[in-house]
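As stored in entry.pdb (PDB, C-alpha atoms):
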```pdb
ATOM      1  CA  MET A   1     204.956 193.614 211.541
ATOM      2  CA  ALA A   2     208.054 191.465 211.537
ATOM      3  CA  ILE A   3     210.275 194.372 212.651
ATOM      4  CA  ASP A   4     207.767 195.338 215.311
ATOM      5  CA  PHE A   5     207.735 191.865 216.668
ATOM      6  CA  ILE A   6     211.507 191.420 216.717
ATOM      7  CA  ILE A   7     212.280 194.775 218.364
ATOM      8  CA  LEU A   8     209.590 194.420 221.013
ATOM      9  CA  ASN A   9     210.456 190.845 221.900
ATOM     10  CA  LEU A  10     214.176 191.606 222.103
ATOM     11  CA  LEU A  11     213.571 194.639 224.322
ATOM     12  CA  VAL A  12     211.301 192.716 226.654
ATOM     13  CA  LEU A  13     213.598 189.703 226.768
ATOM     14  CA  VAL A  14     216.619 191.835 227.704
ATOM     15  CA  ALA A  15     214.593 193.728 230.314
ATOM     16  CA  LEU A  16     213.290 190.482 231.748
ATOM     17  CA  GLY A  17     216.829 189.110 231.944
ATOM     18  CA  ILE A  18     218.032 192.189 233.814
ATOM     19  CA  SER A  19     215.011 191.978 236.081
ATOM     20  CA  PHE A  20     215.756 188.347 236.880
ATOM     21  CA  PHE A  21     219.391 189.102 237.711
ATOM     22  CA  LYS A  22     218.508 191.997 239.955
ATOM     23  CA  SER A  23     215.661 190.434 241.881
ATOM     24  CA  LYS A  24     213.959 187.088 241.515
ATOM     25  CA  GLU A  25     211.219 188.221 243.830
ATOM     26  CA  LYS A  26     210.312 191.208 241.665
ATOM     27  CA  THR A  27     210.522 189.079 238.530
ATOM     28  CA  SER A  28     207.929 186.695 239.882
ATOM     29  CA  LYS A  29     205.790 189.767 240.519
ATOM     30  CA  VAL A  30     206.378 190.787 236.887
ATOM     31  CA  VAL A  31     205.091 187.426 235.681
ATOM     32  CA  LYS A  32     202.111 187.589 238.017
ATOM     33  CA  ILE A  33     201.063 191.038 236.802
ATOM     34  CA  ALA A  34     201.618 189.956 233.200
ATOM     35  CA  PHE A  35     199.460 186.892 233.661
ATOM     36  CA  ASN A  36     196.631 188.811 235.316
ATOM     37  CA  SER A  37     196.579 191.412 232.616
ATOM     38  CA  LEU A  38     196.683 188.667 229.978
ATOM     39  CA  VAL A  39     193.579 186.997 231.410
ATOM     40  CA  ASN A  40     191.864 190.381 231.579
ATOM     41  CA  THR A  41     192.732 191.495 228.069
ATOM     42  CA  VAL A  42     192.591 188.359 225.927
ATOM     43  CA  PRO A  43     188.793 188.196 225.572
ATOM     44  CA  TYR A  44     188.636 191.777 224.298
ATOM     45  CA  ILE A  45     191.466 191.194 221.859
ATOM     46  CA  MET A  46     189.715 188.092 220.549
ATOM     47  CA  ILE A  47     186.540 190.108 220.025
ATOM     48  CA  THR A  48     188.618 192.723 218.200
ATOM     49  CA  ILE A  49     190.090 190.065 215.916
ATOM     50  CA  VAL A  50     186.654 188.642 215.103
ATOM     51  CA  ILE A  51     185.389 192.111 214.130
ATOM     52  CA  ILE A  52     188.503 192.783 212.026
ATOM     53  CA  GLY A  53     188.276 189.392 210.311
ATOM     54  CA  ILE A  54     184.636 189.831 209.331
ATOM     55  CA  MET A  55     185.259 193.379 208.148
ATOM     56  CA  GLN A  56     188.248 192.443 206.004
ATOM     57  CA  GLY A  57     186.199 189.644 204.481
ATOM     58  CA  PHE A  58     183.606 192.096 203.217
ATOM     59  CA  ILE A  59     185.721 195.140 202.425
ATOM     60  CA  PRO A  60     189.039 194.111 200.862
ATOM     61  CA  ASN A  61     191.826 196.710 200.651
ATOM     62  CA  ASN A  62     191.892 196.934 196.856
ATOM     63  CA  LEU A  63     188.217 197.910 196.869
ATOM     64  CA  ILE A  64     189.063 200.865 199.113
ATOM     65  CA  ALA A  65     191.891 201.941 196.825
ATOM     66  CA  GLU A  66     189.521 201.816 193.832
ATOM     67  CA  TYR A  67     186.848 203.726 195.671
ATOM     68  CA  LEU A  68     188.914 206.459 197.316
ATOM     69  CA  GLY A  69     191.167 206.876 194.299
ATOM     70  CA  GLU A  70     188.373 208.628 192.435
ATOM     71  CA  LYS A  71     187.441 211.056 195.189
ATOM     72  CA  SER A  72     188.656 214.603 195.604
ATOM     73  CA  GLY A  73     188.123 217.821 197.552
ATOM     74  CA  ILE A  74     186.889 218.262 201.091
ATOM     75  CA  SER A  75     184.096 215.718 200.658
ATOM     76  CA  GLY A  76     186.770 213.201 199.686
ATOM     77  CA  VAL A  77     188.706 214.092 202.847
ATOM     78  CA  LEU A  78     185.603 213.574 204.979
ATOM     79  CA  LEU A  79     184.864 210.278 203.285
ATOM     80  CA  ALA A  80     188.459 209.049 203.644
ATOM     81  CA  SER A  81     188.414 209.957 207.347
ATOM     82  CA  LEU A  82     185.138 208.129 207.815
ATOM     83  CA  ILE A  83     186.286 204.980 206.024
ATOM     84  CA  GLY A  84     189.596 205.127 207.886
ATOM     85  CA  ALA A  85     187.739 205.399 211.190
ATOM     86  CA  ILE A  86     185.655 202.302 210.602
ATOM     87  CA  LEU A  87     188.254 200.018 209.035
ATOM     88  CA  TYR A  88     191.212 198.374 210.631
ATOM     89  CA  ILE A  89     194.282 198.208 208.426
ATOM     90  CA  PRO A  90     197.727 197.830 210.010
ATOM     91  CA  ALA A  91     199.951 200.887 209.513
ATOM     92  CA  PHE A  92     202.488 198.758 207.629
ATOM     93  CA  VAL A  93     199.865 197.996 204.985
ATOM     94  CA  SER A  94     198.252 201.426 205.061
ATOM     95  CA  PHE A  95     201.233 203.340 203.639
ATOM     96  CA  PRO A  96     201.599 201.272 200.455
ATOM     97  CA  LEU A  97     197.799 201.365 200.162
ATOM     98  CA  VAL A  98     197.762 205.159 200.378
ATOM     99  CA  ALA A  99     200.633 205.369 197.895
ATOM    100  CA  SER A 100     198.598 203.338 195.400
ATOM    101  CA  LEU A 101     195.566 205.485 196.166
ATOM    102  CA  ILE A 102     197.488 208.623 195.248
ATOM    103  CA  GLU A 103     198.790 206.900 192.148
ATOM    104  CA  LYS A 104     195.177 206.236 191.147
ATOM    105  CA  GLY A 105     194.458 209.940 191.348
ATOM    106  CA  ALA A 106     193.470 210.757 194.935
ATOM    107  CA  SER A 107     195.009 213.911 196.400
ATOM    108  CA  VAL A 108     197.725 213.861 199.073
ATOM    109  CA  MET A 109     195.171 215.481 201.354
ATOM    110  CA  ILE A 110     192.920 212.454 201.092
ATOM    111  CA  GLY A 111     195.883 210.171 201.714
ATOM    112  CA  ALA A 112     196.833 212.048 204.875
ATOM    113  CA  ALA A 113     193.250 212.031 206.149
ATOM    114  CA  PHE A 114     193.000 208.316 205.529
ATOM    115  CA  ILE A 115     196.258 207.445 207.327
ATOM    116  CA  THR A 116     195.509 209.615 210.345
ATOM    117  CA  SER A 117     191.976 208.393 210.933
ATOM    118  CA  LEU A 118     192.986 204.826 210.136
ATOM    119  CA  THR A 119     195.683 204.814 212.801
ATOM    120  CA  MET A 120     194.123 207.011 215.465
ATOM    121  CA  ILE A 121     190.521 205.876 215.441
ATOM    122  CA  GLY A 122     189.815 202.322 216.420
ATOM    123  CA  PHE A 123     186.246 201.369 215.709
ATOM    124  CA  THR A 124     187.169 197.704 215.912
ATOM    125  CA  SER A 125     189.048 198.058 219.187
ATOM    126  CA  MET A 126     186.339 200.063 220.934
ATOM    127  CA  PRO A 127     185.294 197.161 223.192
ATOM    128  CA  LEU A 128     188.805 197.135 224.642
ATOM    129  CA  GLU A 129     189.083 200.907 224.880
ATOM    130  CA  ILE A 130     185.731 201.129 226.677
ATOM    131  CA  LYS A 131     186.782 198.385 229.060
ATOM    132  CA  GLU A 132     189.996 200.198 230.002
ATOM    133  CA  PHE A 133     188.814 203.816 229.975
ATOM    134  CA  GLY A 134     185.021 203.998 229.849
ATOM    135  CA  ILE A 135     182.564 205.175 227.220
ATOM    136  CA  LYS A 136     182.999 208.923 227.778
ATOM    137  CA  PHE A 137     186.756 208.737 227.232
ATOM    138  CA  THR A 138     186.410 206.467 224.198
ATOM    139  CA  VAL A 139     183.830 208.640 222.479
ATOM    140  CA  LEU A 140     185.754 211.856 223.162
ATOM    141  CA  ARG A 141     189.108 210.443 222.046
ATOM    142  CA  ASN A 142     187.735 208.985 218.847
ATOM    143  CA  ILE A 143     185.715 212.071 217.886
ATOM    144  CA  SER A 144     188.636 214.406 218.523
ATOM    145  CA  SER A 145     190.904 212.072 216.548
ATOM    146  CA  PHE A 146     188.465 212.363 213.659
ATOM    147  CA  ILE A 147     188.686 216.152 213.809
ATOM    148  CA  ALA A 148     192.487 215.931 214.118
ATOM    149  CA  ALA A 149     192.614 213.717 211.012
ATOM    150  CA  ILE A 150     190.763 216.326 208.972
ATOM    151  CA  VAL A 151     192.880 219.208 210.299
ATOM    152  CA  ILE A 152     196.160 217.364 209.615
ATOM    153  CA  ALA A 153     194.956 216.437 206.141
ATOM    154  CA  VAL A 154     193.996 219.994 205.242
ATOM    155  CA  ILE A 155     197.314 221.393 206.534
ATOM    156  CA  ILE A 156     199.326 218.807 204.589
ATOM    157  CA  GLY A 157     197.172 219.361 201.512
ATOM    158  CA  VAL A 158     197.777 223.110 201.648
ATOM    159  CA  LEU A 159     201.517 222.863 202.363
ATOM    160  CA  LEU A 160     202.446 220.047 199.989
TER     161      LEU A 160
ATOM    162  CA  MET B   1     191.316 192.867 253.487
ATOM    163  CA  ASN B   2     187.591 192.494 253.074
ATOM    164  CA  GLY B   3     187.459 195.212 250.442
ATOM    165  CA  ASN B   4     190.226 193.469 248.588
ATOM    166  CA  LYS B   5     188.279 190.259 248.491
ATOM    167  CA  MET B   6     185.195 192.008 247.227
ATOM    168  CA  MET B   7     187.166 193.608 244.446
ATOM    169  CA  ASN B   8     188.466 190.215 243.414
ATOM    170  CA  GLU B   9     184.926 188.869 243.223
ATOM    171  CA  ASN B  10     183.962 191.875 241.152
ATOM    172  CA  ASP B  11     186.951 191.295 238.857
ATOM    173  CA  LYS B  12     186.000 187.676 238.488
ATOM    174  CA  SER B  13     182.451 188.415 237.401
ATOM    175  CA  LYS B  14     183.848 190.981 234.956
ATOM    176  CA  ILE B  15     186.170 188.386 233.478
ATOM    177  CA  ILE B  16     183.348 185.863 233.207
ATOM    178  CA  LYS B  17     181.211 188.489 231.452
ATOM    179  CA  SER B  18     184.003 189.224 229.000
ATOM    180  CA  TYR B  19     184.345 185.533 228.147
ATOM    181  CA  VAL B  20     180.588 185.356 227.571
ATOM    182  CA  GLY B  21     181.171 188.259 225.179
ATOM    183  CA  VAL B  22     183.764 186.171 223.352
ATOM    184  CA  LEU B  23     181.252 183.351 222.971
ATOM    185  CA  ILE B  24     178.675 185.747 221.538
ATOM    186  CA  PHE B  25     181.195 187.073 219.047
ATOM    187  CA  ALA B  26     182.346 183.549 218.198
ATOM    188  CA  ALA B  27     178.706 182.680 217.417
ATOM    189  CA  LEU B  28     178.445 185.822 215.276
ATOM    190  CA  PHE B  29     181.623 184.809 213.478
ATOM    191  CA  ILE B  30     180.338 181.303 212.749
ATOM    192  CA  GLY B  31     176.981 182.746 211.689
ATOM    193  CA  VAL B  32     178.596 185.138 209.206
ATOM    194  CA  VAL B  33     180.815 182.395 207.784
ATOM    195  CA  ILE B  34     177.799 180.105 207.275
ATOM    196  CA  LEU B  35     175.583 182.853 205.820
ATOM    197  CA  PHE B  36     178.219 184.137 203.420
ATOM    198  CA  PRO B  37     180.117 181.075 202.200
ATOM    199  CA  GLU B  38     181.703 183.121 199.391
ATOM    200  CA  ARG B  39     183.436 185.289 202.021
ATOM    201  CA  LYS B  40     184.526 182.379 204.130
ATOM    202  CA  ASP B  41     188.067 182.044 202.797
ATOM    203  CA  THR B  42     188.949 185.723 203.148
ATOM    204  CA  ILE B  43     187.409 186.005 206.603
ATOM    205  CA  LEU B  44     189.198 182.896 207.845
ATOM    206  CA  SER B  45     192.564 183.788 206.363
ATOM    207  CA  GLU B  46     192.406 187.403 207.626
ATOM    208  CA  SER B  47     191.336 186.329 211.121
ATOM    209  CA  THR B  48     194.087 183.730 211.276
ATOM    210  CA  LYS B  49     196.609 186.340 210.192
ATOM    211  CA  TYR B  50     195.615 188.738 212.970
ATOM    212  CA  PHE B  51     195.355 185.923 215.469
ATOM    213  CA  ILE B  52     198.947 184.883 214.779
ATOM    214  CA  GLU B  53     200.034 188.506 214.980
ATOM    215  CA  MET B  54     198.404 188.670 218.386
ATOM    216  CA  LEU B  55     200.036 185.460 219.584
ATOM    217  CA  LEU B  56     203.441 186.805 218.603
ATOM    218  CA  ILE B  57     203.101 190.130 220.311
ATOM    219  CA  ILE B  58     200.771 189.704 223.267
ATOM    220  CA  PRO B  59     203.151 187.857 225.643
ATOM    221  CA  SER B  60     205.709 190.637 225.263
ATOM    222  CA  VAL B  61     203.171 193.401 225.740
ATOM    223  CA  MET B  62     201.899 191.733 228.902
ATOM    224  CA  LEU B  63     205.427 191.206 230.241
ATOM    225  CA  PHE B  64     206.104 194.856 229.426
ATOM    226  CA  ILE B  65     203.132 195.791 231.599
ATOM    227  CA  GLY B  66     204.414 193.399 234.282
ATOM    228  CA  LEU B  67     207.923 194.887 234.202
ATOM    229  CA  PHE B  68     206.471 198.344 234.437
ATOM    230  CA  GLY B  69     204.184 197.329 237.287
ATOM    231  CA  ALA B  70     206.875 195.660 239.355
ATOM    232  CA  TRP B  71     209.854 197.959 238.791
ATOM    233  CA  ILE B  72     208.512 201.460 238.307
ATOM    234  CA  SER B  73     206.988 203.033 241.379
ATOM    235  CA  LYS B  74     203.931 205.210 241.513
ATOM    236  CA  GLU B  75     206.134 208.131 242.595
ATOM    237  CA  GLN B  76     208.338 207.737 239.527
ATOM    238  CA  THR B  77     205.375 207.572 237.168
ATOM    239  CA  THR B  78     203.806 210.620 238.787
ATOM    240  CA  LYS B  79     207.097 212.493 238.606
ATOM    241  CA  TYR B  80     207.765 211.774 234.941
ATOM    242  CA  LEU B  81     204.251 211.487 233.518
ATOM    243  CA  GLY B  82     202.017 213.067 236.151
ATOM    244  CA  LYS B  83     200.259 216.422 236.273
ATOM    245  CA  GLU B  84     203.433 218.360 237.092
ATOM    246  CA  SER B  85     205.569 216.747 234.402
ATOM    247  CA  GLY B  86     204.831 219.447 231.800
ATOM    248  CA  THR B  87     206.509 219.432 228.402
ATOM    249  CA  LYS B  88     209.024 216.842 229.519
ATOM    250  CA  GLY B  89     206.165 214.500 230.453
ATOM    251  CA  ALA B  90     204.520 214.897 227.058
ATOM    252  CA  LEU B  91     207.857 214.248 225.360
ATOM    253  CA  ILE B  92     208.364 211.069 227.397
ATOM    254  CA  ALA B  93     204.808 209.972 226.531
ATOM    255  CA  ILE B  94     205.548 210.450 222.817
ATOM    256  CA  ILE B  95     208.813 208.512 223.057
ATOM    257  CA  ILE B  96     207.242 205.539 224.888
ATOM    258  CA  GLY B  97     204.300 205.675 222.499
ATOM    259  CA  SER B  98     206.515 205.448 219.442
ATOM    260  CA  LEU B  99     208.127 202.219 220.676
ATOM    261  CA  PRO B 100     206.982 199.169 218.748
ATOM    262  CA  THR B 101     204.192 197.679 220.844
ATOM    263  CA  GLY B 102     202.029 196.407 218.025
ATOM    264  CA  PRO B 103     198.616 197.652 216.921
ATOM    265  CA  LEU B 104     196.730 200.386 218.782
ATOM    266  CA  TYR B 105     194.528 197.972 220.658
ATOM    267  CA  MET B 106     197.594 196.627 222.442
ATOM    268  CA  SER B 107     198.265 200.134 223.758
ATOM    269  CA  PHE B 108     195.057 200.404 225.754
ATOM    270  CA  PRO B 109     196.115 197.992 228.510
ATOM    271  CA  ILE B 110     199.529 199.705 228.666
ATOM    272  CA  ALA B 111     197.937 203.150 228.861
ATOM    273  CA  SER B 112     195.552 201.962 231.526
ATOM    274  CA  SER B 113     198.402 200.691 233.707
ATOM    275  CA  LEU B 114     200.187 204.044 233.258
ATOM    276  CA  LEU B 115     197.041 205.893 234.322
ATOM    277  CA  LYS B 116     196.615 203.723 237.409
ATOM    278  CA  LYS B 117     200.201 204.484 238.398
ATOM    279  CA  GLY B 118     199.676 208.212 238.332
ATOM    280  CA  ALA B 119     200.224 209.461 234.788
ATOM    281  CA  SER B 120     198.126 212.494 233.873
ATOM    282  CA  MET B 121     195.183 212.231 231.470
ATOM    283  CA  LEU B 122     197.001 214.625 229.129
ATOM    284  CA  ASN B 123     199.978 212.303 228.888
ATOM    285  CA  ILE B 124     197.756 209.241 228.447
ATOM    286  CA  ILE B 125     196.055 210.850 225.444
ATOM    287  CA  VAL B 126     199.432 211.914 224.054
ATOM    288  CA  PHE B 127     200.776 208.393 224.604
ATOM    289  CA  LEU B 128     197.822 206.801 222.802
ATOM    290  CA  GLY B 129     198.112 209.289 219.949
ATOM    291  CA  ALA B 130     201.799 208.526 219.540
ATOM    292  CA  CYS B 131     201.086 204.789 219.740
ATOM    293  CA  ALA B 132     198.575 205.202 216.956
ATOM    294  CA  CYS B 133     200.288 207.353 214.404
ATOM    295  CA  LEU B 134     203.916 207.954 215.369
ATOM    296  CA  LYS B 135     205.384 204.463 215.494
ATOM    297  CA  ILE B 136     209.090 204.303 214.687
ATOM    298  CA  PRO B 137     209.117 201.022 212.674
ATOM    299  CA  GLN B 138     206.109 202.153 210.612
ATOM    300  CA  GLY B 139     207.945 205.400 209.978
ATOM    301  CA  LEU B 140     210.399 203.504 207.780
ATOM    302  CA  VAL B 141     207.546 202.252 205.612
ATOM    303  CA  GLU B 142     206.052 205.729 205.491
ATOM    304  CA  LEU B 143     209.388 207.202 204.417
ATOM    305  CA  LYS B 144     209.686 204.690 201.620
ATOM    306  CA  PHE B 145     206.171 205.095 200.242
ATOM    307  CA  MET B 146     205.258 208.695 201.030
ATOM    308  CA  GLY B 147     208.583 210.539 201.019
ATOM    309  CA  ILE B 148     210.387 212.668 203.571
ATOM    310  CA  ARG B 149     208.327 215.860 203.120
ATOM    311  CA  PHE B 150     205.019 214.112 203.677
ATOM    312  CA  MET B 151     206.388 212.298 206.676
ATOM    313  CA  MET B 152     207.945 215.375 208.325
ATOM    314  CA  LEU B 153     204.745 217.359 207.870
ATOM    315  CA  ARG B 154     202.510 214.566 209.099
ATOM    316  CA  TRP B 155     204.656 213.837 212.141
ATOM    317  CA  SER B 156     205.049 217.491 213.207
ATOM    318  CA  PHE B 157     201.379 218.353 212.880
ATOM    319  CA  SER B 158     200.328 215.075 214.451
ATOM    320  CA  ILE B 159     202.463 215.873 217.510
ATOM    321  CA  ILE B 160     200.953 219.352 217.773
ATOM    322  CA  LEU B 161     197.385 218.071 217.423
ATOM    323  CA  ILE B 162     197.871 215.142 219.786
ATOM    324  CA  ILE B 163     199.095 217.483 222.530
ATOM    325  CA  LEU B 164     196.264 219.916 221.831
ATOM    326  CA  MET B 165     193.815 217.005 221.997
ATOM    327  CA  GLY B 166     195.333 215.948 225.305
ATOM    328  CA  TYR B 167     194.780 219.401 226.826
ATOM    329  CA  ILE B 168     191.183 219.635 225.634
ATOM    330  CA  LEU B 169     190.175 216.091 226.583
ATOM    331  CA  GLU B 170     191.827 216.383 230.000
ATOM    332  CA  LYS B 171     189.723 219.482 230.710
ATOM    333  CA  LEU B 172     186.518 217.848 229.427
ATOM    334  CA  LEU B 173     187.056 214.629 231.360
ATOM    335  CA  GLU B 174     187.900 216.526 234.560
ATOM    336  CA  GLU B 175     184.707 218.545 234.325
ATOM    337  CA  TYR B 176     182.825 215.325 233.875
ATOM    338  CA  SER B 177     184.324 213.669 236.936
ATOM    339  CA  ASN B 178     183.689 216.834 238.993
ATOM    340  CA  ASP B 179     180.023 216.719 238.037
ATOM    341  CA  ASN B 180     179.717 213.258 239.455
TER     342      ASN B 180
END
```

Kindly return the structure encoded in the file as structure tokens.
Amino acid sequence: MAIDFIILNLLVLVALGISFFKSKEKTSKVVKIAFNSLVNTVPYIMITIVIIGIMQGFIPNNLIAEYLGEKSGISGVLLASLIGAILYIPAFVSFPLVASLIEKGASVMIGAAFITSLTMIGFTSMPLEIKEFGIKFTVLRNISSFIAAIVIAVIIGVLL
Amino acid sequence: MNGNKMMNENDKSKIIKSYVGVLIFAALFIGVVILFPERKDTILSESTKYFIEMLLIIPSVMLFIGLFGAWISKEQTTKYLGKESGTKGALIAIIIGSLPTGPLYMSFPIASSLLKKGASMLNIIVFLGACACLKIPQGLVELKFMGIRFMMLRWSFSIILIILMGYILEKLLEEYSNDN
């Protein structure tokens, strides 16, 4: 998270500086667009955070590691994809979590399924996705991501 | 002019609705905290953590959208990410997607502004896929914990499947909009 934040803020700051030097008029437009999109997006992000907070309160990460660590086979892959789809865990935390999962005995296949569905499917951010793209898009993207997670997991499981 | 004004009114009522949504979720949050006092500490500390994360990253993401909106023309977006952009377009979508822009939910407003400017549905799906699972900073963590072989395999097959997904979803969504 810290690296993310530093790189992004530096990039944007430099770009904003260049923008300001090149045209003050356009830069005020930049700020205006930014502000409008902030007002539009903030409520959905706050809803997302509330959902994530409640979820994390009830399903702590170490519980998941315990639970998935004992699973195996294709049913384990399905289960890992399902849990990954519902939960929100930042990618930075998910890799060490998956590493500990594999250490506890889960297969690499399950680890891959978990990471892919965790990152690609956003149950918690669905309000925002629906707002920006509509229900049809959201449902299709999330279902196909679920299938993709299983396919990627099986391929990695077979090849590794 | 008139149409513009109407759209603004529409936008306003949408924004008001979304803030009512926030209030409902805030009530839910308070309700859960009161009903499950033993979970209170975890819920509060986790929410605060994500709230701070959001505060740190959201101004930049919004300015990013602003910079894009003010400096990049519709023609440019269409040229590089539109229907005719082909493999190059998908590659650009993957590269922008892998930039550090925070969690996936921050990518939806970015993707939506790309779409409005003329990017193809295929490239939007590819962009979102890359945003989700092909982030460069996270790659360093993945390398450390999962090893190079796992990472190479996961990244290559993710790219293939994301593009495949883009093709299929673009077709499905087009059929849908033609029906209407």

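Residues from chain B found within 6 Å of chain A are B:Ser18, B:Tyr19, B:Val22, B:Arg39, B:Thr42, B:Ile43, B:Glu46, B:Ser47, B:Ser60, B:Met62, B:Leu63, B:Gly66, B:Leu67, B:Ala70, B:Pro100, B:Tyr105, B:Ala132, B:Cys133, B:Gln138, B:Glu142, B:Phe145, counting all atoms listed in the file.
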
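Atom pair atom CA of Ile148 of chain B / atom CA of Val158 of chain A: separated by 16.5 Å.
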
Give the padded box for segment 10-22 of chain B as JSON: axis-aligned, covering all atoms listed in the file, 4 Å on each side, centre and edge lengths in Å to one decimal.
```
{"center_x": 183.8, "center_y": 188.6, "center_z": 232.3, "size_x": 14.4, "size_y": 14.5, "size_z": 25.8}
```

Q: Give me, please, the distance in Å between atom CA of Gly69 of chain B and atom CA of Ala119 of chain B, quoted to one decimal.
A: 13.0 Å

Q: To verify the selection step, state as a PyMOL selection string which residues the PyMOL selection byres ((chain B and resi 81-95) around 8) yields on this input.
A: chain B and resi 77-80+96-99+118-120+122-124+126-127+130-131+163

Q: Can you work out the spacing between atom CA of Ser156 of chain B and atom CA of Glu53 of chain B in Å, to one decimal?
A: 29.5 Å

Q | Contacts of Gly105 of chain A within 8 Å, only C-alpha atoms, excl. fewer than 4 positions in-chain, as a ChimeraX atom specification | A | /A:69-70,101
